[in-house]
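Structure below is final.cif: mmCIF, C-alpha atoms.
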data_upload
#
loop_
_atom_site.group_PDB
_atom_site.id
_atom_site.type_symbol
_atom_site.label_atom_id
_atom_site.label_comp_id
_atom_site.auth_asym_id
_atom_site.auth_seq_id
_atom_site.Cartn_x
_atom_site.Cartn_y
_atom_site.Cartn_z
ATOM 1 C CA MET A 1 5.007 -18.944 -12.902
ATOM 2 C CA THR A 2 8.454 -19.028 -11.305
ATOM 3 C CA VAL A 3 11.921 -19.580 -12.715
ATOM 4 C CA ARG A 4 13.583 -22.606 -11.155
ATOM 5 C CA GLY A 5 16.376 -21.614 -8.776
ATOM 6 C CA LEU A 6 15.884 -17.891 -9.349
ATOM 7 C CA PRO A 7 16.416 -15.407 -7.979
ATOM 8 C CA MET A 8 19.550 -16.875 -6.447
ATOM 9 C CA THR A 9 19.645 -16.078 -2.733
ATOM 10 C CA VAL A 10 22.563 -13.816 -1.832
ATOM 11 C CA PRO A 11 22.012 -12.136 1.555
ATOM 12 C CA ALA A 12 23.406 -8.681 2.217
ATOM 13 C CA PRO A 13 24.629 -7.501 5.622
ATOM 14 C CA GLY A 14 22.607 -5.139 7.768
ATOM 15 C CA LEU A 15 19.173 -6.138 6.504
ATOM 16 C CA PRO A 16 16.192 -7.588 8.415
ATOM 17 C CA THR A 17 15.505 -11.309 8.183
ATOM 18 C CA ARG A 18 11.766 -10.803 7.649
ATOM 19 C CA VAL A 19 9.620 -8.066 6.125
ATOM 20 C CA ARG A 20 5.884 -7.640 6.566
ATOM 21 C CA ILE A 21 4.243 -6.586 3.325
ATOM 22 C CA HIS A 22 1.251 -4.295 3.807
ATOM 23 C CA GLU A 23 -0.710 -5.151 0.662
ATOM 24 C CA VAL A 24 -2.712 -2.180 -0.668
ATOM 25 C CA GLY A 25 -3.817 -3.489 -4.055
ATOM 26 C CA ALA A 26 -7.453 -4.049 -3.143
ATOM 27 C CA ARG A 27 -7.840 -0.499 -1.836
ATOM 28 C CA ASP A 28 -5.164 1.888 -3.105
ATOM 29 C CA GLY A 29 -4.676 -0.227 -6.200
ATOM 30 C CA LEU A 30 -8.303 -0.145 -7.292
ATOM 31 C CA GLN A 31 -9.537 3.205 -5.964
ATOM 32 C CA ASN A 32 -8.512 5.139 -9.059
ATOM 33 C CA GLU A 33 -10.049 2.734 -11.573
ATOM 34 C CA LYS A 34 -12.594 4.551 -13.721
ATOM 35 C CA ARG A 35 -14.618 1.444 -14.530
ATOM 36 C CA THR A 36 -16.445 0.018 -11.511
ATOM 37 C CA VAL A 37 -14.948 -3.265 -10.329
ATOM 38 C CA PRO A 38 -17.726 -5.624 -9.133
ATOM 39 C CA THR A 39 -17.795 -6.334 -5.413
ATOM 40 C CA ALA A 40 -17.491 -10.076 -6.017
ATOM 41 C CA VAL A 41 -14.297 -9.513 -8.033
ATOM 42 C CA LYS A 42 -12.815 -7.393 -5.244
ATOM 43 C CA ALA A 43 -13.667 -10.082 -2.700
ATOM 44 C CA GLU A 44 -12.075 -12.806 -4.799
ATOM 45 C CA PHE A 45 -9.007 -10.610 -5.272
ATOM 46 C CA VAL A 46 -8.551 -10.323 -1.502
ATOM 47 C CA HIS A 47 -9.122 -14.071 -1.042
ATOM 48 C CA ARG A 48 -6.508 -14.854 -3.706
ATOM 49 C CA LEU A 49 -4.028 -12.451 -2.114
ATOM 50 C CA ALA A 50 -4.531 -14.208 1.222
ATOM 51 C CA GLU A 51 -4.000 -17.596 -0.409
ATOM 52 C CA ALA A 52 -0.720 -16.270 -1.826
ATOM 53 C CA GLY A 53 0.513 -15.745 1.736
ATOM 54 C CA LEU A 54 -0.065 -12.044 2.326
ATOM 55 C CA THR A 55 -1.081 -11.480 5.938
ATOM 56 C CA THR A 56 -1.997 -7.776 5.921
ATOM 57 C CA ILE A 57 -4.372 -6.817 3.117
ATOM 58 C CA GLU A 58 -5.951 -3.385 3.089
ATOM 59 C CA ALA A 59 -9.536 -4.114 2.159
ATOM 60 C CA THR A 60 -11.387 -0.875 1.416
ATOM 61 C CA SER A 61 -12.084 2.668 2.541
ATOM 62 C CA PHE A 62 -15.055 4.081 4.422
ATOM 63 C CA VAL A 63 -14.914 7.462 2.735
ATOM 64 C CA HIS A 64 -17.984 9.142 1.289
ATOM 65 C CA PRO A 65 -18.837 7.511 -2.094
ATOM 66 C CA LYS A 66 -18.821 10.962 -3.703
ATOM 67 C CA TRP A 67 -15.054 11.216 -3.245
ATOM 68 C CA VAL A 68 -14.035 7.659 -4.172
ATOM 69 C CA PRO A 69 -16.910 6.020 -6.095
ATOM 70 C CA GLN A 70 -14.896 2.850 -6.693
ATOM 71 C CA LEU A 71 -15.040 2.050 -2.960
ATOM 72 C CA ALA A 72 -18.711 2.854 -2.444
ATOM 73 C CA ASP A 73 -19.392 -0.833 -1.756
ATOM 74 C CA ALA A 74 -17.405 -1.013 1.494
ATOM 75 C CA GLU A 75 -20.429 -2.203 3.493
ATOM 76 C CA GLN A 76 -21.100 -4.959 0.951
ATOM 77 C CA LEU A 77 -17.469 -6.014 0.526
ATOM 78 C CA PHE A 78 -16.192 -6.238 4.087
ATOM 79 C CA PRO A 79 -18.587 -9.009 5.247
ATOM 80 C CA LEU A 80 -17.464 -11.142 2.282
ATOM 81 C CA LEU A 81 -13.971 -11.180 3.791
ATOM 82 C CA SER A 82 -14.929 -12.367 7.254
ATOM 83 C CA GLY A 83 -13.210 -15.533 8.287
ATOM 84 C CA LEU A 84 -10.009 -14.856 6.386
ATOM 85 C CA PRO A 85 -6.997 -15.513 8.659
ATOM 86 C CA VAL A 86 -5.393 -12.171 7.795
ATOM 87 C CA GLU A 87 -5.429 -8.589 9.006
ATOM 88 C CA LEU A 88 -7.866 -6.415 7.016
ATOM 89 C CA PRO A 89 -7.147 -2.721 7.629
ATOM 90 C CA VAL A 90 -9.597 -0.119 6.285
ATOM 91 C CA LEU A 91 -9.329 3.634 5.799
ATOM 92 C CA VAL A 92 -11.548 5.951 7.825
ATOM 93 C CA PRO A 93 -11.513 9.712 7.148
ATOM 94 C CA ASN A 94 -13.552 10.827 10.146
ATOM 95 C CA GLU A 95 -15.770 9.634 12.990
ATOM 96 C CA ARG A 96 -18.584 8.728 10.624
ATOM 97 C CA GLY A 97 -16.221 6.488 8.674
ATOM 98 C CA LEU A 98 -15.020 4.956 11.927
ATOM 99 C CA ASP A 99 -18.602 4.221 12.972
ATOM 100 C CA ARG A 100 -19.245 2.425 9.674
ATOM 101 C CA ALA A 101 -16.056 0.378 9.986
ATOM 102 C CA LEU A 102 -16.607 -0.600 13.610
ATOM 103 C CA ALA A 103 -20.203 -1.619 12.884
ATOM 104 C CA LEU A 104 -18.804 -4.277 10.538
ATOM 105 C CA GLY A 105 -16.205 -5.502 13.014
ATOM 106 C CA ALA A 106 -13.072 -3.835 11.636
ATOM 107 C CA ARG A 107 -10.133 -4.188 14.028
ATOM 108 C CA ARG A 108 -7.531 -2.193 12.109
ATOM 109 C CA VAL A 109 -8.190 1.283 10.757
ATOM 110 C CA ALA A 110 -6.116 4.009 9.130
ATOM 111 C CA VAL A 111 -6.360 7.782 8.940
ATOM 112 C CA PHE A 112 -4.709 9.669 6.095
ATOM 113 C CA ALA A 113 -2.891 12.923 6.703
ATOM 114 C CA SER A 114 -0.713 15.172 4.570
ATOM 115 C CA ALA A 115 2.709 16.684 5.174
ATOM 116 C CA THR A 116 1.804 19.658 2.964
ATOM 117 C CA GLU A 117 -0.916 22.287 3.048
ATOM 118 C CA SER A 118 -1.654 21.997 -0.685
ATOM 119 C CA PHE A 119 -2.405 18.291 -0.564
ATOM 120 C CA ALA A 120 -4.329 18.593 2.703
ATOM 121 C CA LYS A 121 -6.562 21.111 0.929
ATOM 122 C CA ALA A 122 -6.930 18.949 -2.207
ATOM 123 C CA ASN A 123 -7.500 15.679 -0.375
ATOM 124 C CA LEU A 124 -9.385 16.750 2.759
ATOM 125 C CA ASN A 125 -10.391 20.373 2.110
ATOM 126 C CA ARG A 126 -8.649 21.320 5.348
ATOM 127 C CA THR A 127 -5.332 22.681 6.538
ATOM 128 C CA VAL A 128 -2.811 20.236 7.952
ATOM 129 C CA ASP A 129 -3.651 21.251 11.509
ATOM 130 C CA GLU A 130 -7.404 21.130 10.854
ATOM 131 C CA SER A 131 -7.064 17.610 9.489
ATOM 132 C CA LEU A 132 -5.061 16.530 12.548
ATOM 133 C CA ALA A 133 -7.787 17.940 14.765
ATOM 134 C CA MET A 134 -10.354 15.917 12.793
ATOM 135 C CA PHE A 135 -8.346 12.715 13.241
ATOM 136 C CA HIS A 136 -7.807 13.116 16.975
ATOM 137 C CA PRO A 137 -11.215 11.801 18.152
ATOM 138 C CA VAL A 138 -11.073 9.060 15.511
ATOM 139 C CA VAL A 139 -7.751 7.765 16.825
ATOM 140 C CA GLU A 140 -8.791 8.215 20.451
ATOM 141 C CA ARG A 141 -12.030 6.271 20.018
ATOM 142 C CA ALA A 142 -10.401 3.517 17.997
ATOM 143 C CA ARG A 143 -7.610 3.019 20.524
ATOM 144 C CA ALA A 144 -10.112 3.023 23.387
ATOM 145 C CA GLY A 145 -11.858 0.130 21.661
ATOM 146 C CA GLY A 146 -8.642 -1.841 21.215
ATOM 147 C CA VAL A 147 -8.493 -1.127 17.480
ATOM 148 C CA HIS A 148 -5.082 -0.793 15.815
ATOM 149 C CA VAL A 149 -4.547 2.589 14.127
ATOM 150 C CA ARG A 150 -2.249 3.331 11.219
ATOM 151 C CA GLY A 151 -1.459 6.883 10.161
ATOM 152 C CA TYR A 152 -0.804 7.459 6.483
ATOM 153 C CA LEU A 153 1.243 10.544 5.700
ATOM 154 C CA SER A 154 1.228 11.700 2.085
ATOM 155 C CA MET A 155 3.744 13.942 0.296
ATOM 156 C CA CYS A 156 6.663 13.091 2.580
ATOM 157 C CA PHE A 157 9.230 13.547 -0.176
ATOM 158 C CA GLY A 158 7.713 16.013 -2.608
ATOM 159 C CA ASP A 159 4.477 17.744 -3.549
ATOM 160 C CA PRO A 160 3.191 18.525 -7.079
ATOM 161 C CA TRP A 161 2.185 22.044 -6.051
ATOM 162 C CA GLU A 162 4.838 22.939 -3.481
ATOM 163 C CA GLY A 163 7.852 21.025 -4.789
ATOM 164 C CA ALA A 164 10.415 19.928 -2.224
ATOM 165 C CA VAL A 165 9.053 19.263 1.261
ATOM 166 C CA PRO A 166 11.414 20.156 4.135
ATOM 167 C CA VAL A 167 12.241 17.202 6.359
ATOM 168 C CA PRO A 168 11.362 19.064 9.617
ATOM 169 C CA GLN A 169 7.898 19.740 8.175
ATOM 170 C CA VAL A 170 7.341 16.001 7.698
ATOM 171 C CA VAL A 171 8.747 15.186 11.125
ATOM 172 C CA ARG A 172 6.326 17.640 12.770
ATOM 173 C CA VAL A 173 3.272 15.886 11.350
ATOM 174 C CA CYS A 174 4.696 12.443 12.139
ATOM 175 C CA ARG A 175 5.238 13.532 15.736
ATOM 176 C CA ALA A 176 1.641 14.783 15.936
ATOM 177 C CA LEU A 177 0.261 11.486 14.633
ATOM 178 C CA ILE A 178 2.332 9.439 17.077
ATOM 179 C CA ASP A 179 1.398 11.698 19.990
ATOM 180 C CA MET A 180 -2.239 11.354 18.937
ATOM 181 C CA GLY A 181 -1.973 7.608 19.463
ATOM 182 C CA CYS A 182 -1.259 6.085 16.046
ATOM 183 C CA ASP A 183 0.336 2.651 16.416
ATOM 184 C CA GLU A 184 2.270 2.954 13.182
ATOM 185 C CA LEU A 185 2.992 5.436 10.414
ATOM 186 C CA SER A 186 3.246 4.868 6.680
ATOM 187 C CA LEU A 187 5.587 7.376 5.034
ATOM 188 C CA GLY A 188 4.197 8.073 1.580
ATOM 189 C CA ASP A 189 6.147 9.081 -1.506
ATOM 190 C CA THR A 190 2.878 9.970 -3.189
ATOM 191 C CA ILE A 191 4.310 11.225 -6.490
ATOM 192 C CA GLY A 192 7.336 8.944 -6.561
ATOM 193 C CA VAL A 193 10.088 11.572 -6.357
ATOM 194 C CA ALA A 194 12.107 10.198 -3.423
ATOM 195 C CA THR A 195 15.688 9.011 -3.768
ATOM 196 C CA PRO A 196 17.642 6.807 -1.322
ATOM 197 C CA GLY A 197 19.571 9.624 0.342
ATOM 198 C CA HIS A 198 16.357 11.505 0.998
ATOM 199 C CA VAL A 199 14.811 8.382 2.518
ATOM 200 C CA GLU A 200 17.788 7.925 4.825
ATOM 201 C CA GLU A 201 17.704 11.588 5.874
ATOM 202 C CA LEU A 202 14.017 11.456 6.798
ATOM 203 C CA LEU A 203 14.354 8.187 8.725
ATOM 204 C CA THR A 204 17.366 9.563 10.615
ATOM 205 C CA ALA A 205 15.445 12.722 11.510
ATOM 206 C CA LEU A 206 12.485 10.679 12.759
ATOM 207 C CA GLY A 207 14.812 8.610 14.917
ATOM 208 C CA GLU A 208 16.336 11.765 16.388
ATOM 209 C CA GLU A 209 12.782 12.898 17.179
ATOM 210 C CA GLY A 210 12.329 9.725 19.228
ATOM 211 C CA ILE A 211 9.996 7.939 16.814
ATOM 212 C CA PRO A 212 11.036 4.265 16.793
ATOM 213 C CA VAL A 213 11.750 2.668 13.434
ATOM 214 C CA SER A 214 9.529 -0.249 14.505
ATOM 215 C CA ALA A 215 6.551 2.124 14.203
ATOM 216 C CA LEU A 216 7.376 3.062 10.606
ATOM 217 C CA GLY A 217 6.393 1.652 7.249
ATOM 218 C CA VAL A 218 7.235 3.000 3.803
ATOM 219 C CA HIS A 219 4.955 3.523 0.821
ATOM 220 C CA PHE A 220 6.782 4.214 -2.436
ATOM 221 C CA HIS A 221 5.508 4.936 -5.910
ATOM 222 C CA ASP A 222 7.605 4.005 -8.930
ATOM 223 C CA THR A 223 7.086 7.162 -11.003
ATOM 224 C CA TYR A 224 10.832 7.651 -11.568
ATOM 225 C CA GLY A 225 11.836 4.011 -11.148
ATOM 226 C CA GLN A 226 13.167 4.551 -7.623
ATOM 227 C CA ALA A 227 10.751 2.484 -5.512
ATOM 228 C CA LEU A 228 12.965 -0.578 -4.978
ATOM 229 C CA ALA A 229 16.101 1.510 -4.393
ATOM 230 C CA ASN A 230 14.218 3.567 -1.827
ATOM 231 C CA THR A 231 12.868 0.417 -0.185
ATOM 232 C CA LEU A 232 16.363 -1.011 0.140
ATOM 233 C CA ALA A 233 17.520 2.223 1.775
ATOM 234 C CA ALA A 234 14.656 1.964 4.259
ATOM 235 C CA LEU A 235 15.455 -1.697 5.025
ATOM 236 C CA ARG A 236 19.068 -0.791 5.723
ATOM 237 C CA HIS A 237 17.776 1.739 8.217
ATOM 238 C CA GLY A 238 15.774 -0.960 10.023
ATOM 239 C CA VAL A 239 12.305 -0.580 8.511
ATOM 240 C CA THR A 240 10.496 -3.931 8.315
ATOM 241 C CA THR A 241 7.055 -2.900 7.007
ATOM 242 C CA VAL A 242 6.721 -2.105 3.312
ATOM 243 C CA ASP A 243 3.535 -1.140 1.477
ATOM 244 C CA ALA A 244 3.073 -2.614 -1.979
ATOM 245 C CA SER A 245 0.312 -3.254 -4.479
ATOM 246 C CA ALA A 246 -0.216 -6.541 -6.310
ATOM 247 C CA GLY A 247 0.506 -6.065 -9.982
ATOM 248 C CA GLY A 248 1.677 -2.494 -9.407
ATOM 249 C CA LEU A 249 -1.902 -1.206 -9.444
ATOM 250 C CA GLY A 250 -2.774 2.210 -8.147
ATOM 251 C CA GLY A 251 -2.141 5.892 -7.992
ATOM 252 C CA CYS A 252 -3.815 8.756 -6.214
ATOM 253 C CA PRO A 253 -7.035 10.398 -7.447
ATOM 254 C CA PHE A 254 -6.078 13.692 -5.821
ATOM 255 C CA ALA A 255 -2.528 13.926 -7.209
ATOM 256 C CA LYS A 256 -2.600 13.454 -10.961
ATOM 257 C CA SER A 257 1.175 12.999 -11.227
ATOM 258 C CA ALA A 258 1.041 9.961 -8.937
ATOM 259 C CA THR A 259 1.544 6.772 -10.924
ATOM 260 C CA GLY A 260 1.537 3.178 -9.791
ATOM 261 C CA ASN A 261 2.547 1.819 -6.428
ATOM 262 C CA LEU A 262 5.553 -0.401 -5.919
ATOM 263 C CA ALA A 263 4.484 -3.780 -7.300
ATOM 264 C CA THR A 264 4.306 -6.485 -4.645
ATOM 265 C CA GLU A 265 5.818 -9.031 -7.038
ATOM 266 C CA ASP A 266 8.822 -6.809 -7.760
ATOM 267 C CA LEU A 267 9.322 -6.340 -4.020
ATOM 268 C CA VAL A 268 9.050 -10.081 -3.297
ATOM 269 C CA TRP A 269 11.543 -10.887 -6.071
ATOM 270 C CA MET A 270 14.110 -8.492 -4.571
ATOM 271 C CA LEU A 271 13.521 -9.669 -1.008
ATOM 272 C CA SER A 272 13.739 -13.328 -2.051
ATOM 273 C CA GLY A 273 17.097 -12.671 -3.658
ATOM 274 C CA LEU A 274 18.290 -11.070 -0.433
ATOM 275 C CA GLY A 275 17.124 -14.045 1.619
ATOM 276 C CA ILE A 276 14.496 -11.968 3.426
ATOM 277 C CA ASP A 277 11.388 -13.910 4.392
ATOM 278 C CA THR A 278 7.940 -12.531 3.444
ATOM 279 C CA GLY A 279 5.814 -15.673 3.623
ATOM 280 C CA VAL A 280 4.539 -14.936 0.105
ATOM 281 C CA ASP A 281 4.242 -17.543 -2.639
ATOM 282 C CA LEU A 282 5.440 -15.569 -5.664
ATOM 283 C CA GLY A 283 3.908 -17.940 -8.188
ATOM 284 C CA ARG A 284 0.455 -17.638 -6.651
ATOM 285 C CA LEU A 285 0.826 -13.887 -6.359
ATOM 286 C CA VAL A 286 1.778 -13.518 -10.027
ATOM 287 C CA ALA A 287 -1.169 -15.703 -11.022
ATOM 288 C CA THR A 288 -3.449 -13.479 -8.946
ATOM 289 C CA SER A 289 -2.192 -10.310 -10.619
ATOM 290 C CA VAL A 290 -2.549 -11.872 -14.083
ATOM 291 C CA TRP A 291 -6.123 -12.813 -13.150
ATOM 292 C CA MET A 292 -6.862 -9.294 -11.923
ATOM 293 C CA ALA A 293 -5.294 -7.722 -15.001
ATOM 294 C CA GLY A 294 -7.693 -9.788 -17.080
ATOM 295 C CA ARG A 295 -10.629 -8.413 -15.103
ATOM 296 C CA LEU A 296 -9.364 -4.856 -15.632
ATOM 297 C CA GLY A 297 -8.732 -5.442 -19.321
ATOM 298 C CA ARG A 298 -5.063 -4.461 -19.434
ATOM 299 C CA PRO A 299 -1.665 -6.002 -18.654
ATOM 300 C CA SER A 300 -0.033 -5.607 -15.260
ATOM 301 C CA PRO A 301 2.637 -2.885 -15.076
ATOM 302 C CA SER A 302 4.736 -5.066 -12.764
ATOM 303 C CA ARG A 303 7.982 -6.098 -14.432
ATOM 304 C CA THR A 304 8.083 -9.338 -12.454
ATOM 305 C CA VAL A 305 4.520 -10.240 -13.401
ATOM 306 C CA ARG A 306 5.300 -9.606 -17.055
ATOM 307 C CA ALA A 307 8.556 -11.544 -16.944
ATOM 308 C CA LEU A 308 7.179 -14.581 -15.134
ATOM 309 C CA SER A 309 3.880 -14.729 -17.001
ATOM 310 C CA HIS A 310 5.822 -14.450 -20.288
ATOM 311 C CA GLU A 311 8.134 -17.247 -19.148
ATOM 312 C CA ASP A 312 5.103 -19.362 -18.270
ATOM 313 C CA ALA A 313 3.457 -18.635 -21.633
ATOM 314 C CA GLU A 314 6.632 -19.559 -23.532
ATOM 315 C CA GLY A 315 6.903 -22.765 -21.521
ATOM 316 C CA GLN A 316 3.296 -23.640 -22.329
ATOM 317 C CA GLU A 317 3.901 -23.011 -26.027
ATOM 318 C CA GLY A 318 6.942 -25.271 -25.883
ATOM 319 C CA ARG A 319 5.000 -28.048 -24.185
ATOM 320 C CA GLU A 320 2.212 -27.801 -26.768
ATOM 321 C CA ALA A 321 4.722 -27.907 -29.630
ATOM 322 C CA HIS A 322 6.384 -30.949 -28.101
ATOM 323 C CA LYS A 323 3.011 -32.746 -27.945
ATOM 324 C CA GLU A 324 2.417 -32.088 -31.632
ATOM 325 C CA GLN A 325 5.738 -33.603 -32.694
#

Starting from the file, lay out its structure as structure tokens.
Amino acid sequence: MTVRGLPMTVPAPGLPTRVRIHEVGARDGLQNEKRTVPTAVKAEFVHRLAEAGLTTIEATSFVHPKWVPQLADAEQLFPLLSGLPVELPVLVPNERGLDRALALGARRVAVFASATESFAKANLNRTVDESLAMFHPVVERARAGGVHVRGYLSMCFGDPWEGAVPVPQVVRVCRALIDMGCDELSLGDTIGVATPGHVEELLTALGEEGIPVSALGVHFHDTYGQALANTLAALRHGVTTVDASAGGLGGCPFAKSATGNLATEDLVWMLSGLGIDTGVDLGRLVATSVWMAGRLGRPSPSRTVRALSHEDAEGQEGREAHKEQ
């Protein structure tokens, strides 16, 4: 499922030599699915992603099943992933979620904050400051136990209720999460409205605030077709961690205008062409997303998956025709 010699490698100046992909397909990608995905299918999905070379695979979320029913099987799923030689971050909304994750041996956790009051209310039923206060003991306890903590920040570039989000407003919450003890931050374009200039402005402002670019990751949605352009802008600014979802799966159950995540395959295709190492086998990754699409009963929205699986299908048809002649 690859095209021989393509993409041609043409490096561009000022870009990192390696990017770590933070794969969110098994969690963010599946959480909004209406039809329950069996635990065994989720486990095989994660195993296949690991075999494709992804080294950080977000496994599940320890939220209350009432809020995200699709991830109600966290306790059953996580033990099925033990032994995989990859990092398996999980989301924890509060101390109870942290307790559940730690009881299963999780060593990387994430809290999820909002840059806007409207989304904080919709997602956590709290104000921004109330949610930060809730996260503080979670982060403190995790760090005390040697557990890596990621801070997700939603609505960094726009909010469906509030519209444009001022950059200083985003910087304030980022500063609070870093001061709280988060090891890294993921800057979320939850509804996919960011553009490259906006990305550069936010990253510059965070740098001026003293937040190192090494502590930052980016999480773009492709609602307006800007995810790869925004990623390239972030890479030029020195970001080396990019969130993506195999097959372009995902959205956000609390923001109805949020469409799919940046597809991991589309990201790998671009990075391969730029000569940036990811450690990912694109052919295996495409095969995994085709497999998962079959389990979900619909084609993958990833352009690269569609292109390469179509190429593979045409090649198979040609080989079969040749046999018949």

Counting only C-alpha atoms, give me one row per residue of region 169-221 of chain A with an atom at most 12 Å from an atom of region 142-148 of chain A, showing the shortest contact pair and its distance in Å to one decimal, sorted by chain then residue number, as a tab-separated table.
residue	atom	partner	partner_atom	distance
A:Met180	CA	A:Arg143	CA	10.0
A:Gly181	CA	A:Arg143	CA	7.3
A:Cys182	CA	A:His148	CA	7.9
A:Asp183	CA	A:His148	CA	6.4
A:Glu184	CA	A:His148	CA	8.7
A:Leu185	CA	A:His148	CA	11.5

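With the shown file loaded, the PyMOL selection byres ((chain A and resi 163) around 12) picks out A:Thr116, A:Glu117, A:Ser118, A:Phe119, A:Met155, A:Cys156, A:Phe157, A:Gly158, A:Asp159, A:Pro160, A:Trp161, A:Glu162, A:Ala164, A:Val165, A:Pro166, A:Ile191, A:Val193, A:Ala194.
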
Kindly save the residues from that selection, with C-alpha atoms included, as a compact mmCIF listing (two decimals), in the frame of the given file.
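Output saved as again_2.txt:
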# COMPACT_ATOMS: atom_id res chain seq x y z
CA THR A 116 1.80 19.66 2.96
CA GLU A 117 -0.92 22.29 3.05
CA SER A 118 -1.65 22.00 -0.68
CA PHE A 119 -2.40 18.29 -0.56
CA MET A 155 3.74 13.94 0.30
CA CYS A 156 6.66 13.09 2.58
CA PHE A 157 9.23 13.55 -0.18
CA GLY A 158 7.71 16.01 -2.61
CA ASP A 159 4.48 17.74 -3.55
CA PRO A 160 3.19 18.52 -7.08
CA TRP A 161 2.18 22.04 -6.05
CA GLU A 162 4.84 22.94 -3.48
CA ALA A 164 10.42 19.93 -2.22
CA VAL A 165 9.05 19.26 1.26
CA PRO A 166 11.41 20.16 4.14
CA ILE A 191 4.31 11.22 -6.49
CA VAL A 193 10.09 11.57 -6.36
CA ALA A 194 12.11 10.20 -3.42

(request) Determine the residue set returned by the PyMOL selection byres ((chain A and resi 46) around 9) for the present structure, and present it as a ChimeraX atom specification. (result) /A:25-26,41-45,47-51,57-59,81

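Our summary of the geometry notes that CA of Leu285 (chain A) is positioned 29.4 Å from CA of Pro65 (chain A).
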
Contacts of Pro16 (chain A) at 12 Å or less, counting only C-alpha atoms, minus same-chain residues fewer than 4 places along, as a compact mmCIF listing (two decimals) with C-alpha atoms, keeping the file's coordinate frame?
# COMPACT_ATOMS: atom_id res chain seq x y z
CA PRO A 11 22.01 -12.14 1.56
CA ALA A 12 23.41 -8.68 2.22
CA ARG A 20 5.88 -7.64 6.57
CA SER A 214 9.53 -0.25 14.50
CA LEU A 232 16.36 -1.01 0.14
CA ALA A 233 17.52 2.22 1.78
CA ALA A 234 14.66 1.96 4.26
CA LEU A 235 15.46 -1.70 5.03
CA ARG A 236 19.07 -0.79 5.72
CA HIS A 237 17.78 1.74 8.22
CA GLY A 238 15.77 -0.96 10.02
CA VAL A 239 12.30 -0.58 8.51
CA THR A 240 10.50 -3.93 8.32
CA THR A 241 7.06 -2.90 7.01
CA LEU A 271 13.52 -9.67 -1.01
CA LEU A 274 18.29 -11.07 -0.43
CA GLY A 275 17.12 -14.04 1.62
CA ILE A 276 14.50 -11.97 3.43
CA ASP A 277 11.39 -13.91 4.39
CA THR A 278 7.94 -12.53 3.44

(request) To verify the selection step, state as a list of chain:residue names which residues the PyMOL selection byres ((chain A and resi 122) around 12) yields on this input. (result) A:Trp67, A:Ala113, A:Ser114, A:Thr116, A:Glu117, A:Ser118, A:Phe119, A:Ala120, A:Lys121, A:Asn123, A:Leu124, A:Asn125, A:Arg126, A:Thr127, A:Val128, A:Ser131, A:Ser154, A:Asp159, A:Pro160, A:Trp161, A:Cys252, A:Pro253, A:Phe254, A:Ala255, A:Lys256
